[in-house]
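Trainee: Sending over query-v6.txt (compact mmCIF, C-alpha atoms and all ligand atoms).
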# COMPACT_ATOMS: atom_id res chain seq x y z
CA MET F 1 0.00 0.00 0.00
CA SER F 2 1.32 3.41 -0.93
CA PHE F 3 1.32 6.25 1.57
CA HIS F 4 1.60 8.84 -1.16
CA PRO F 5 -1.57 10.91 -1.23
CA LEU F 6 -3.63 11.09 -4.36
CA MET F 7 -3.28 14.63 -5.68
CA ASP F 8 -6.26 16.23 -7.30
CA TYR F 9 -4.69 18.83 -9.51
CA GLY F 10 -8.05 20.16 -10.58
CA LYS F 11 -8.66 21.71 -13.93
CA GLY F 12 -7.05 24.60 -15.65
CA MET F 13 -3.52 23.50 -14.85
CA HIS F 14 -0.71 23.94 -17.26
CA GLN F 15 0.63 20.43 -16.72
CA SER F 16 -0.70 17.28 -18.37
CA GLN F 17 -2.95 19.19 -20.73
CA ARG F 18 -0.60 19.43 -23.61
CA ALA F 19 -2.50 20.12 -26.77
CA LEU F 20 -1.34 21.93 -29.84
CA ALA F 21 -2.08 25.63 -29.66
CA ASP F 22 -4.69 27.05 -32.02
CA GLU F 23 -3.41 28.40 -35.29
CA GLY F 24 -4.84 31.77 -34.37
CA PRO F 25 -4.98 34.71 -36.76
CA ALA F 26 -2.12 35.40 -39.14
CA PHE F 27 0.82 36.68 -37.14
CA VAL F 28 3.56 39.01 -38.36
CA PHE F 29 5.82 40.90 -35.98
CA THR F 30 5.38 44.67 -36.20
CA ALA F 31 8.37 46.51 -37.67
CA GLU F 32 9.07 47.96 -34.23
CA ASN F 33 9.03 44.55 -32.51
CA LEU F 34 11.15 43.05 -35.25
CA ALA F 35 13.74 45.81 -34.79
CA THR F 36 13.67 45.25 -31.01
CA LEU F 37 14.13 41.54 -31.53
CA GLU F 38 17.06 42.04 -33.90
CA ASP F 39 18.66 44.34 -31.34
CA ILE F 40 18.27 41.65 -28.65
CA CYS F 41 19.63 38.95 -30.97
CA SER F 42 22.68 41.11 -31.71
CA ARG F 43 23.72 40.78 -28.06
CA TYR F 44 24.34 37.05 -28.54
CA PRO F 45 26.93 35.32 -30.76
CA ALA F 46 25.36 34.43 -34.12
CA GLU F 47 25.42 30.71 -33.29
CA ARG F 48 23.52 31.47 -30.05
CA ARG F 49 20.70 33.40 -31.65
CA LYS F 50 18.17 31.03 -30.15
CA SER F 51 19.07 32.39 -26.70
CA ALA F 52 16.67 35.23 -27.55
CA VAL F 53 13.66 32.90 -27.77
CA ILE F 54 12.09 34.01 -24.48
CA ALA F 55 12.50 37.68 -25.37
CA ALA F 56 10.92 36.95 -28.76
CA LEU F 57 8.00 35.19 -27.10
CA TYR F 58 7.43 38.12 -24.75
CA LEU F 59 7.33 40.45 -27.75
CA ALA F 60 4.86 38.18 -29.55
CA GLN F 61 2.67 37.86 -26.47
CA ARG F 62 2.63 41.61 -25.87
CA GLN F 63 1.70 42.16 -29.50
CA GLN F 64 -1.10 39.61 -29.69
CA GLY F 65 -2.03 38.96 -26.04
CA TYR F 66 -1.18 35.26 -26.21
CA ILE F 67 0.98 32.84 -28.18
CA SER F 68 -0.91 31.19 -31.02
CA ARG F 69 0.63 28.55 -33.24
CA ASN F 70 1.12 31.17 -35.95
CA ALA F 71 2.96 33.33 -33.42
CA MET F 72 5.19 30.35 -32.57
CA LYS F 73 5.96 29.96 -36.27
CA ALA F 74 6.87 33.65 -36.53
CA VAL F 75 9.13 33.37 -33.48
CA ALA F 76 10.74 30.22 -34.91
CA ALA F 77 11.42 31.97 -38.21
CA ALA F 78 12.83 35.06 -36.50
CA ILE F 79 15.07 33.07 -34.16
CA ARG F 80 15.89 30.46 -36.80
CA ILE F 81 14.88 27.40 -34.81
CA SER F 82 12.07 24.90 -35.29
CA THR F 83 8.48 25.56 -34.25
CA ALA F 84 8.72 22.47 -32.03
CA GLU F 85 11.59 24.06 -30.09
CA VAL F 86 9.54 27.21 -29.61
CA GLU F 87 6.57 25.16 -28.46
CA ASP F 88 8.77 23.39 -25.91
CA VAL F 89 9.58 26.75 -24.32
CA VAL F 90 6.00 28.01 -24.46
CA SER F 91 4.61 24.87 -22.86
CA PHE F 92 7.26 24.85 -20.11
CA TYR F 93 6.84 28.38 -18.76
CA THR F 94 3.58 29.39 -17.10
CA MET F 95 3.98 33.03 -18.12
CA PHE F 96 3.17 32.18 -21.73
CA TYR F 97 -0.47 31.67 -22.69
CA GLN F 98 -1.62 29.60 -25.63
CA ARG F 99 -5.08 31.11 -25.74
CA PRO F 100 -6.51 34.58 -25.09
CA VAL F 101 -6.44 35.64 -21.43
CA GLY F 102 -7.82 38.50 -19.39
CA LYS F 103 -6.32 41.94 -18.89
CA ASN F 104 -5.13 40.92 -15.41
CA ILE F 105 -3.64 37.47 -15.05
CA ILE F 106 -3.72 36.22 -11.46
CA GLN F 107 -1.48 33.24 -10.71
CA VAL F 108 -1.68 31.67 -7.26
CA CYS F 109 1.42 29.73 -6.23
CA ARG F 110 0.48 26.30 -4.95
CA THR F 111 3.97 25.00 -4.09
CA LEU F 112 4.97 23.96 -0.56
CA SER F 113 5.46 27.24 1.34
CA CYS F 114 2.35 28.75 -0.20
CA ALA F 115 0.36 25.53 0.17
CA LEU F 116 1.22 25.37 3.88
CA ASN F 117 0.16 28.99 4.29
CA GLY F 118 -3.29 28.65 2.79
CA ALA F 119 -2.84 28.96 -0.98
CA GLU F 120 -5.65 26.50 -1.61
CA ARG F 121 -8.11 28.55 0.47
CA LEU F 122 -6.88 31.66 -1.28
CA THR F 123 -7.58 30.10 -4.68
CA ASP F 124 -11.06 29.11 -3.47
CA GLU F 125 -11.76 32.69 -2.36
CA LEU F 126 -10.48 34.17 -5.62
CA GLN F 127 -12.69 31.76 -7.57
CA LYS F 128 -15.69 32.95 -5.55
CA VAL F 129 -14.84 36.63 -5.87
CA LEU F 130 -14.22 36.39 -9.62
CA GLY F 131 -17.00 33.91 -10.29
CA ILE F 132 -14.73 31.66 -12.34
CA SER F 133 -12.68 28.48 -11.86
CA THR F 134 -8.93 28.24 -12.31
CA GLY F 135 -8.00 28.30 -15.98
CA GLU F 136 -10.94 30.58 -16.84
CA THR F 137 -11.41 34.25 -17.70
CA THR F 138 -14.16 36.53 -16.40
CA ALA F 139 -16.90 37.46 -18.86
CA ASP F 140 -15.72 41.08 -18.96
CA GLY F 141 -12.20 39.94 -19.90
CA ALA F 142 -10.73 41.69 -16.84
CA PHE F 143 -9.26 38.67 -15.03
CA SER F 144 -7.88 35.19 -15.68
CA LEU F 145 -7.04 32.88 -12.78
CA PHE F 146 -4.39 30.15 -12.71
CA GLU F 147 -2.53 28.02 -10.20
CA VAL F 148 1.22 27.82 -10.78
CA GLU F 149 4.34 26.45 -9.16
CA CYS F 150 6.85 28.39 -7.04
CA LEU F 151 7.08 32.09 -7.91
CA GLY F 152 10.35 32.52 -6.02
CA ALA F 153 9.21 34.57 -3.02
CA CYS F 154 8.58 31.61 -0.68
CA ASP F 155 9.35 33.53 2.52
CA ARG F 156 6.33 35.76 1.81
CA ALA F 157 3.80 33.00 1.17
CA PRO F 158 1.16 32.81 -0.06
CA VAL F 159 2.34 34.62 -3.18
CA VAL F 160 0.15 35.70 -6.08
CA GLY F 161 1.61 36.66 -9.42
CA VAL F 162 -0.25 39.44 -11.21
CA ASN F 163 0.80 40.11 -14.78
CA ASP F 164 4.54 40.90 -14.56
CA ASP F 165 4.52 41.62 -10.81
CA TRP F 166 3.47 39.87 -7.64
CA HIS F 167 1.56 40.26 -4.38
CA GLU F 168 2.88 38.83 -1.12
CA CYS F 169 1.48 37.44 2.14
CA GLN F 170 -1.97 37.28 0.55
CA ARG F 171 -4.60 36.02 2.99
CA PRO F 172 -7.75 34.29 1.72
CA GLU F 173 -9.94 36.92 3.42
CA ASP F 174 -8.20 39.64 1.39
CA ALA F 175 -9.09 38.17 -2.00
CA GLN F 176 -11.83 40.74 -2.58
CA LYS F 177 -9.47 43.55 -1.66
CA LEU F 178 -6.88 42.31 -4.15
CA VAL F 179 -9.41 42.19 -6.98
CA ASP F 180 -10.89 45.60 -6.08
CA GLY F 181 -7.41 47.09 -5.85
CA LEU F 182 -6.49 45.79 -9.28
CA ARG F 183 -9.70 47.20 -10.74
CA THR F 184 -9.15 50.66 -9.24
CA LYS F 185 -5.40 51.09 -8.85
CA GLY F 186 -3.83 48.44 -11.08
CA ALA F 187 -0.22 47.51 -10.28
CA ALA F 188 -0.09 50.21 -7.57
CA SER F 189 -2.12 47.88 -5.35
CA LEU F 190 0.54 45.15 -5.39
CA THR F 191 3.01 44.47 -2.59
CA GLY F 192 5.87 42.72 -4.41
CA CYS F 193 9.01 43.62 -2.45
CA HIS F 194 10.85 44.84 -5.54
CA LEU F 195 8.10 47.40 -6.12
CA HIS F 196 8.87 49.11 -2.81
CA LYS F 197 12.63 48.70 -2.63
CA GLU F 198 13.39 52.40 -2.89
CA HIS F 199 11.02 53.25 -0.04
CA SER F 200 12.23 50.67 2.50
S1 LIG W 301 6.40 28.22 -2.69
FE1 LIG W 301 5.15 29.87 -3.27
S2 LIG W 301 6.58 31.35 -3.92
FE2 LIG W 301 7.82 29.61 -3.50
Kindly present the structure from the file in structure tokens form.
Ligand code: FES
Mentor:
Amino acid sequence: MSFHPLMDYGKGMHQSQRALADEGPAFVFTAENLATLEDICSRYPAERRKSAVIAALYLAQRQQGYISRNAMKAVAAAIRISTAEVEDVVSFYTMFYQRPVGKNIIQVCRTLSCALNGAERLTDELQKVLGISTGETTADGAFSLFEVECLGACDRAPVVGVNDDWHECQRPEDAQKLVDGLRTKGAASLTGCHLHKEHS
């Protein structure tokens, strides 16, 4: 008999749901993004051009809002690697989205420190406040909710990633406050330590 618990990973997780991304609309980098990408690539030796793949994916995601299969093909062509290699990167990192997401992307860390400090209850509260389940987007397109693995601020658990920033020591009872703050003040409502470094 195994003593390992059965883990219910729920739905909406990034893992074990690997499916090919939608083709999406035709994707061509804007001239500005292409110039930015070439500038980034120029910082690497020519034979290491593929080192810029994450930067290229960020540019594609900012341009289109998510990474479609056509966007992967454009990144592959620009970086001169295969689409499969690009897809490997996209499917590994939880900050890349293979379908349209909301304006604010909330990611609750569910790894050990955060799990021990109530991340699961926090996710439950956020689902109630937003009226969606993990992996979904609100009808007004304002929020998407995901569970992710360690966000690297374990001493301030539970940690919630919001877009490119994060919110620390988030208690389940403050879920409404977090959502309201994002609606009214945006990133200014977040408590990520790096955001307040100059003032400490
Ligand atoms: S365990 Fe949650 S940030 Fe590391």
Trainee: Could you tell me which of F:Ala115, F:Leu130, F:Phe29, F:Arg156 comes closest to Leu178 in chain F if we count all atoms listed in the file?
Mentor: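 Among F:Ala115, F:Leu130, F:Phe29, F:Arg156, it is F:Leu130 that comes nearest to Leu178 in chain F.
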Trainee: Given all atoms listed in the file as the basis, pick out the residue of F:Val28, F:Leu190, F:Leu112, F:Met95 nearest to Pro158 in chain F.
Mentor: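 Checking each candidate against Pro158 in chain F, we get F:Leu112 as the closest.
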Trainee: In terms of the shortest atom-to-atom distance over all atoms listed in the file, which of F:Ser51, F:Ser42, F:Ser189, F:Ser113 is closest to ligand LIG 301 (chain W)?
Mentor: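 Looking at the shortest contact to ligand LIG 301 (chain W), the residue is F:Ser113.
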Trainee: Using all atoms listed in the file, what are the residues with an atom within 8 Å of ligand LIG 301 (chain W), set out as a count of residues only?
Mentor: 18
Trainee: Need to verify the contact set: Ala52 in chain F, 12 Å, all atoms listed in the file, exclusion of same-chain residues closer than 5 positions in sequence. Can you return it as a tab-separated table (two decimals) with C-alpha atoms, in the coordinates of the input?
Mentor:
chain	number	residue	atom	x	y	z
F	36	THR	CA	13.67	45.25	-31.01
F	37	LEU	CA	14.13	41.54	-31.53
F	38	GLU	CA	17.06	42.04	-33.90
F	39	ASP	CA	18.66	44.34	-31.34
F	40	ILE	CA	18.27	41.65	-28.65
F	41	CYS	CA	19.63	38.95	-30.97
F	42	SER	CA	22.68	41.11	-31.71
F	43	ARG	CA	23.72	40.78	-28.06
F	44	TYR	CA	24.34	37.05	-28.54
F	45	PRO	CA	26.93	35.32	-30.76
F	46	ALA	CA	25.36	34.43	-34.12
F	47	GLU	CA	25.42	30.71	-33.29
F	57	LEU	CA	8.00	35.19	-27.10
F	58	TYR	CA	7.43	38.12	-24.75
F	59	LEU	CA	7.33	40.45	-27.75
F	75	VAL	CA	9.13	33.37	-33.48
F	76	ALA	CA	10.74	30.22	-34.91
F	78	ALA	CA	12.83	35.06	-36.50
F	79	ILE	CA	15.07	33.07	-34.16
F	80	ARG	CA	15.89	30.46	-36.80
F	81	ILE	CA	14.88	27.40	-34.81
F	86	VAL	CA	9.54	27.21	-29.61
F	89	VAL	CA	9.58	26.75	-24.32
Trainee: From the options F:Val101, F:Ala35, F:Lys50, F:Ala77, which residue's atoms come nearest to Gly65 in chain F, counting all atoms listed in the file?
Mentor: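 Among F:Val101, F:Ala35, F:Lys50, F:Ala77, it is F:Val101 that comes nearest to Gly65 in chain F.
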Trainee: Taking only C-alpha atoms into account, which of F:Pro25, F:Gly192, F:Gly131, F:Gly102 comes nearest Met72 in chain F?
Mentor: F:Pro25
Trainee: To one decimal place, how far is CA of Ala139 in chain F from CA of Leu182 in chain F in Å?
Mentor: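 Atom-to-atom, CA of Ala139 in chain F to CA of Leu182 in chain F, that is 16.4 Å.
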